[in-house]
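Working notes, structure below.
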Amino acid sequence: MNTRSQKRGVPILITAPEAEIEVPDGSTHYHLQPDAGGSSRYVFHLRQPDSQLLITGTVQADQDEAPHLITSVIHHAPRTKADTVIRTLSVDQAKPRYEGVIRIEREARQCESFLNHRSLLIGDQARSWTLPSLEILADQVKCSHAATLQTLTDEDLFYLRSRGISREVAIRVLITAFLEANLSEHA
């Protein structure tokens, strides 16, 4: 697994196609950046009471790529908290899939877990699929999921274009802002 050590405010980067991670005590941030060419699977175990986990990730797919990303967050201990925020860029005829699983074991009461998938589609044939799954075996928990799809409209490009920036550069700027928002929002 390719990772870099965590410093305050710096996420642990994971680029390997698969990883099973025991989340340590305290608060931990992992950023997933899998290869767009295939399937990637990451499982996170929260076994320490009161531990907190933030997972951010970006998937970029173009042409006819169809990457498949799976994340599983398993709460084993009480009062754990996890937020998963994945951003997917789909260009041309790309068709990325994201499956997000939250599982709360019977003994893991008073947990909170949230799953959010945001997709940006560039091109009329670009697609994106989201398959959220909540497996809740305990009482007194808060769990939810959300998914959004968006495209770039002329209104999105208007401000940059009115400043003399070409359409192509404006699109690149907006794509970069979309993908980097995960890191800047959670720094």
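To be explicit about the labels: the chains of the structure tokens are called A, B, and onward in the order shown, and within each one the residues are counted from 1, while ligands get numbers from 1 in the order they are shown.
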Close residues, A:Leu46 itself excluded, 12 Å, only C-alpha atoms, min 6 positions apart in chain, as a ChimeraX atom specification: /A:20-28,52-54,72-82,102-105,107-108,111-113
Filtered DSSP result for chain A, state helix (DSSP H, G or I), as JSON, numbers by chain: {"A": [154, 155, 156, 157, 158, 159, 160, 161, 162, 167, 168, 169, 170, 171, 172, 173, 174, 175, 176, 177, 178, 179, 180, 181, 182, 183, 184, 185]}
Output file for the residues above (N, CA and C atoms, as an mmCIF file, in the first residue's frame):
```
data_model
loop_
_atom_site.group_PDB
_atom_site.id
_atom_site.type_symbol
_atom_site.label_atom_id
_atom_site.label_comp_id
_atom_site.auth_asym_id
_atom_site.auth_seq_id
_atom_site.Cartn_x
_atom_site.Cartn_y
_atom_site.Cartn_z
ATOM 1 N N ASP A 154 -23.240 26.592 -19.090
ATOM 2 C CA ASP A 154 -22.724 27.887 -19.536
ATOM 3 C C ASP A 154 -22.689 28.882 -18.384
ATOM 4 N N GLU A 155 -23.648 28.786 -17.480
ATOM 5 C CA GLU A 155 -23.650 29.671 -16.311
ATOM 6 C C GLU A 155 -22.424 29.435 -15.430
ATOM 7 N N ASP A 156 -22.024 28.156 -15.294
ATOM 8 C CA ASP A 156 -20.829 27.844 -14.508
ATOM 9 C C ASP A 156 -19.580 28.477 -15.119
ATOM 10 N N LEU A 157 -19.536 28.517 -16.438
ATOM 11 C CA LEU A 157 -18.367 29.027 -17.147
ATOM 12 C C LEU A 157 -18.381 30.546 -17.320
ATOM 13 N N PHE A 158 -19.531 31.174 -17.137
ATOM 14 C CA PHE A 158 -19.698 32.590 -17.449
ATOM 15 C C PHE A 158 -18.683 33.476 -16.732
ATOM 16 N N TYR A 159 -18.526 33.310 -15.434
ATOM 17 C CA TYR A 159 -17.641 34.200 -14.673
ATOM 18 C C TYR A 159 -16.213 34.151 -15.221
ATOM 19 N N LEU A 160 -15.681 32.965 -15.401
ATOM 20 C CA LEU A 160 -14.307 32.848 -15.903
ATOM 21 C C LEU A 160 -14.196 33.350 -17.342
ATOM 22 N N ARG A 161 -15.186 33.043 -18.160
ATOM 23 C CA ARG A 161 -15.167 33.504 -19.555
ATOM 24 C C ARG A 161 -15.235 35.024 -19.623
ATOM 25 N N SER A 162 -16.004 35.643 -18.712
ATOM 26 C CA SER A 162 -16.125 37.110 -18.718
ATOM 27 C C SER A 162 -14.827 37.785 -18.286
ATOM 28 N N ARG A 167 -12.628 28.973 -22.974
ATOM 29 C CA ARG A 167 -13.566 27.936 -22.510
ATOM 30 C C ARG A 167 -12.815 26.705 -22.000
ATOM 31 N N GLU A 168 -11.776 26.278 -22.726
ATOM 32 C CA GLU A 168 -11.025 25.081 -22.345
ATOM 33 C C GLU A 168 -10.337 25.263 -20.989
ATOM 34 N N VAL A 169 -9.713 26.416 -20.794
ATOM 35 C CA VAL A 169 -9.034 26.687 -19.518
ATOM 36 C C VAL A 169 -10.066 26.807 -18.398
ATOM 37 N N ALA A 170 -11.190 27.445 -18.668
ATOM 38 C CA ALA A 170 -12.240 27.584 -17.652
ATOM 39 C C ALA A 170 -12.753 26.216 -17.211
ATOM 40 N N ILE A 171 -12.940 25.310 -18.163
ATOM 41 C CA ILE A 171 -13.380 23.953 -17.824
ATOM 42 C C ILE A 171 -12.342 23.268 -16.947
ATOM 43 N N ARG A 172 -11.054 23.388 -17.299
ATOM 44 C CA ARG A 172 -9.990 22.770 -16.484
ATOM 45 C C ARG A 172 -9.961 23.342 -15.075
ATOM 46 N N VAL A 173 -10.144 24.659 -14.956
ATOM 47 C CA VAL A 173 -10.150 25.303 -13.635
ATOM 48 C C VAL A 173 -11.296 24.758 -12.786
ATOM 49 N N LEU A 174 -12.477 24.644 -13.371
ATOM 50 C CA LEU A 174 -13.637 24.157 -12.618
ATOM 51 C C LEU A 174 -13.501 22.680 -12.251
ATOM 52 N N ILE A 175 -12.928 21.881 -13.139
ATOM 53 C CA ILE A 175 -12.690 20.468 -12.826
ATOM 54 C C ILE A 175 -11.697 20.348 -11.678
ATOM 55 N N THR A 176 -10.607 21.098 -11.738
ATOM 56 C CA THR A 176 -9.605 21.071 -10.664
ATOM 57 C C THR A 176 -10.225 21.483 -9.334
ATOM 58 N N ALA A 177 -11.032 22.524 -9.353
ATOM 59 C CA ALA A 177 -11.691 22.975 -8.118
ATOM 60 C C ALA A 177 -12.619 21.893 -7.572
ATOM 61 N N PHE A 178 -13.339 21.208 -8.445
ATOM 62 C CA PHE A 178 -14.236 20.130 -8.022
ATOM 63 C C PHE A 178 -13.453 19.006 -7.347
ATOM 64 N N LEU A 179 -12.365 18.572 -7.971
ATOM 65 C CA LEU A 179 -11.593 17.452 -7.432
ATOM 66 C C LEU A 179 -10.836 17.820 -6.161
ATOM 67 N N GLU A 180 -10.299 19.023 -6.101
ATOM 68 C CA GLU A 180 -9.503 19.417 -4.937
ATOM 69 C C GLU A 180 -10.350 19.867 -3.756
ATOM 70 N N ALA A 181 -11.642 20.038 -3.965
ATOM 71 C CA ALA A 181 -12.515 20.489 -2.874
ATOM 72 C C ALA A 181 -12.506 19.516 -1.703
ATOM 73 N N ASN A 182 -12.370 18.222 -1.961
ATOM 74 C CA ASN A 182 -12.320 17.246 -0.866
ATOM 75 C C ASN A 182 -11.211 17.570 0.118
ATOM 76 N N LEU A 183 -10.047 17.904 -0.398
ATOM 77 C CA LEU A 183 -8.912 18.172 0.491
ATOM 78 C C LEU A 183 -9.026 19.533 1.149
ATOM 79 N N SER A 184 -9.466 20.542 0.404
ATOM 80 C CA SER A 184 -9.536 21.879 0.997
ATOM 81 C C SER A 184 -10.680 21.997 2.005
ATOM 82 N N GLU A 185 -11.805 21.333 1.760
ATOM 83 C CA GLU A 185 -12.936 21.399 2.689
ATOM 84 C C GLU A 185 -12.660 20.668 3.992
#
```
Contacts of A:His145 at 6 Å (only C-alpha atoms; same-chain gap of 3+ positions) as a VMD selection string: chain A and resid 114 to 116
Nearest residue to A:Thr151 from the set A:Thr88, A:Gln63, A:Thr56, A:Ser119 (distances using only C-alpha atoms):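 So, comparing all the options, the nearest one is A:Ser119.
The closest residue to A:His45, picked from A:Val85, A:Leu69, A:Val10, A:Ala19 and counting only C-alpha atoms, is A:Ala19.
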Which residues are near stretch 59-61 of chain A? Cut-off 8 Å, only C-alpha atoms, ignore same chain within fewer than 5 positions. Put them as a PDB file with C-alpha atoms, in the first residue's frame.
```
ATOM      1  CA  GLN A  33      -6.742   8.033  -5.131  1.00  0.00           C
ATOM      2  CA  PRO A  34      -7.161   4.747  -6.978  1.00  0.00           C
ATOM      3  CA  ASP A  35      -6.065   4.065 -10.543  1.00  0.00           C
ATOM      4  CA  ALA A  36      -8.905   4.727 -12.986  1.00  0.00           C
ATOM      5  CA  GLY A  37      -8.209   1.577 -14.962  1.00  0.00           C
ATOM      6  CA  ALA A  66     -15.144   2.174 -16.145  1.00  0.00           C
ATOM      7  CA  PRO A  67     -13.372   2.168 -12.770  1.00  0.00           C
ATOM      8  CA  ILE A  86     -15.978  10.564  -2.714  1.00  0.00           C
ATOM      9  CA  ARG A  87     -15.769  12.745  -5.832  1.00  0.00           C
ATOM     10  CA  THR A  88     -15.896  11.213  -9.293  1.00  0.00           C
ATOM     11  CA  LEU A  89     -15.018  12.909 -12.574  1.00  0.00           C
ATOM     12  CA  SER A  90     -16.452  11.232 -15.654  1.00  0.00           C
ATOM     13  CA  VAL A  91     -15.313  12.545 -19.066  1.00  0.00           C
ATOM     14  CA  ALA A  94     -16.459   7.053 -18.982  1.00  0.00           C
ATOM     15  CA  LYS A  95     -18.712   5.092 -16.638  1.00  0.00           C
ATOM     16  CA  PRO A  96     -17.295   4.957 -13.100  1.00  0.00           C
TER      17      PRO A  96
END
```
DSSP strand (DSSP E) residues within chain A, listed as a PyMOL selection string: chain A and resi 12-14+18-23+27-32+39-46+52-61+68-75+81-91+97-104+112-122+129-136+142-151
Point-to-point distance from atom CA of A:Arg106 to atom CA of A:Lys142, Å rounded to tenths: 13.8 Å
Of the listed residues A:Ile12, A:Ala126, A:Val141, A:Leu32, that which approaches A:Glu65 most closely, counting only C-alpha atoms: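 Among the listed residues, the smallest separation from A:Glu65 belongs to A:Ala126.
Residue nearest A:Ser128 within the list A:Thr58, A:Arg109, A:Arg97, A:Gln140: A:Arg97 [criterion: smallest interatomic distance, only C-alpha atoms].
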Selection: 9 Å around A:Glu99, only C-alpha atoms, excl. self and same-chain fewer than 5 positions, as a PyMOL selection string: chain A and resi 68-72+129-133
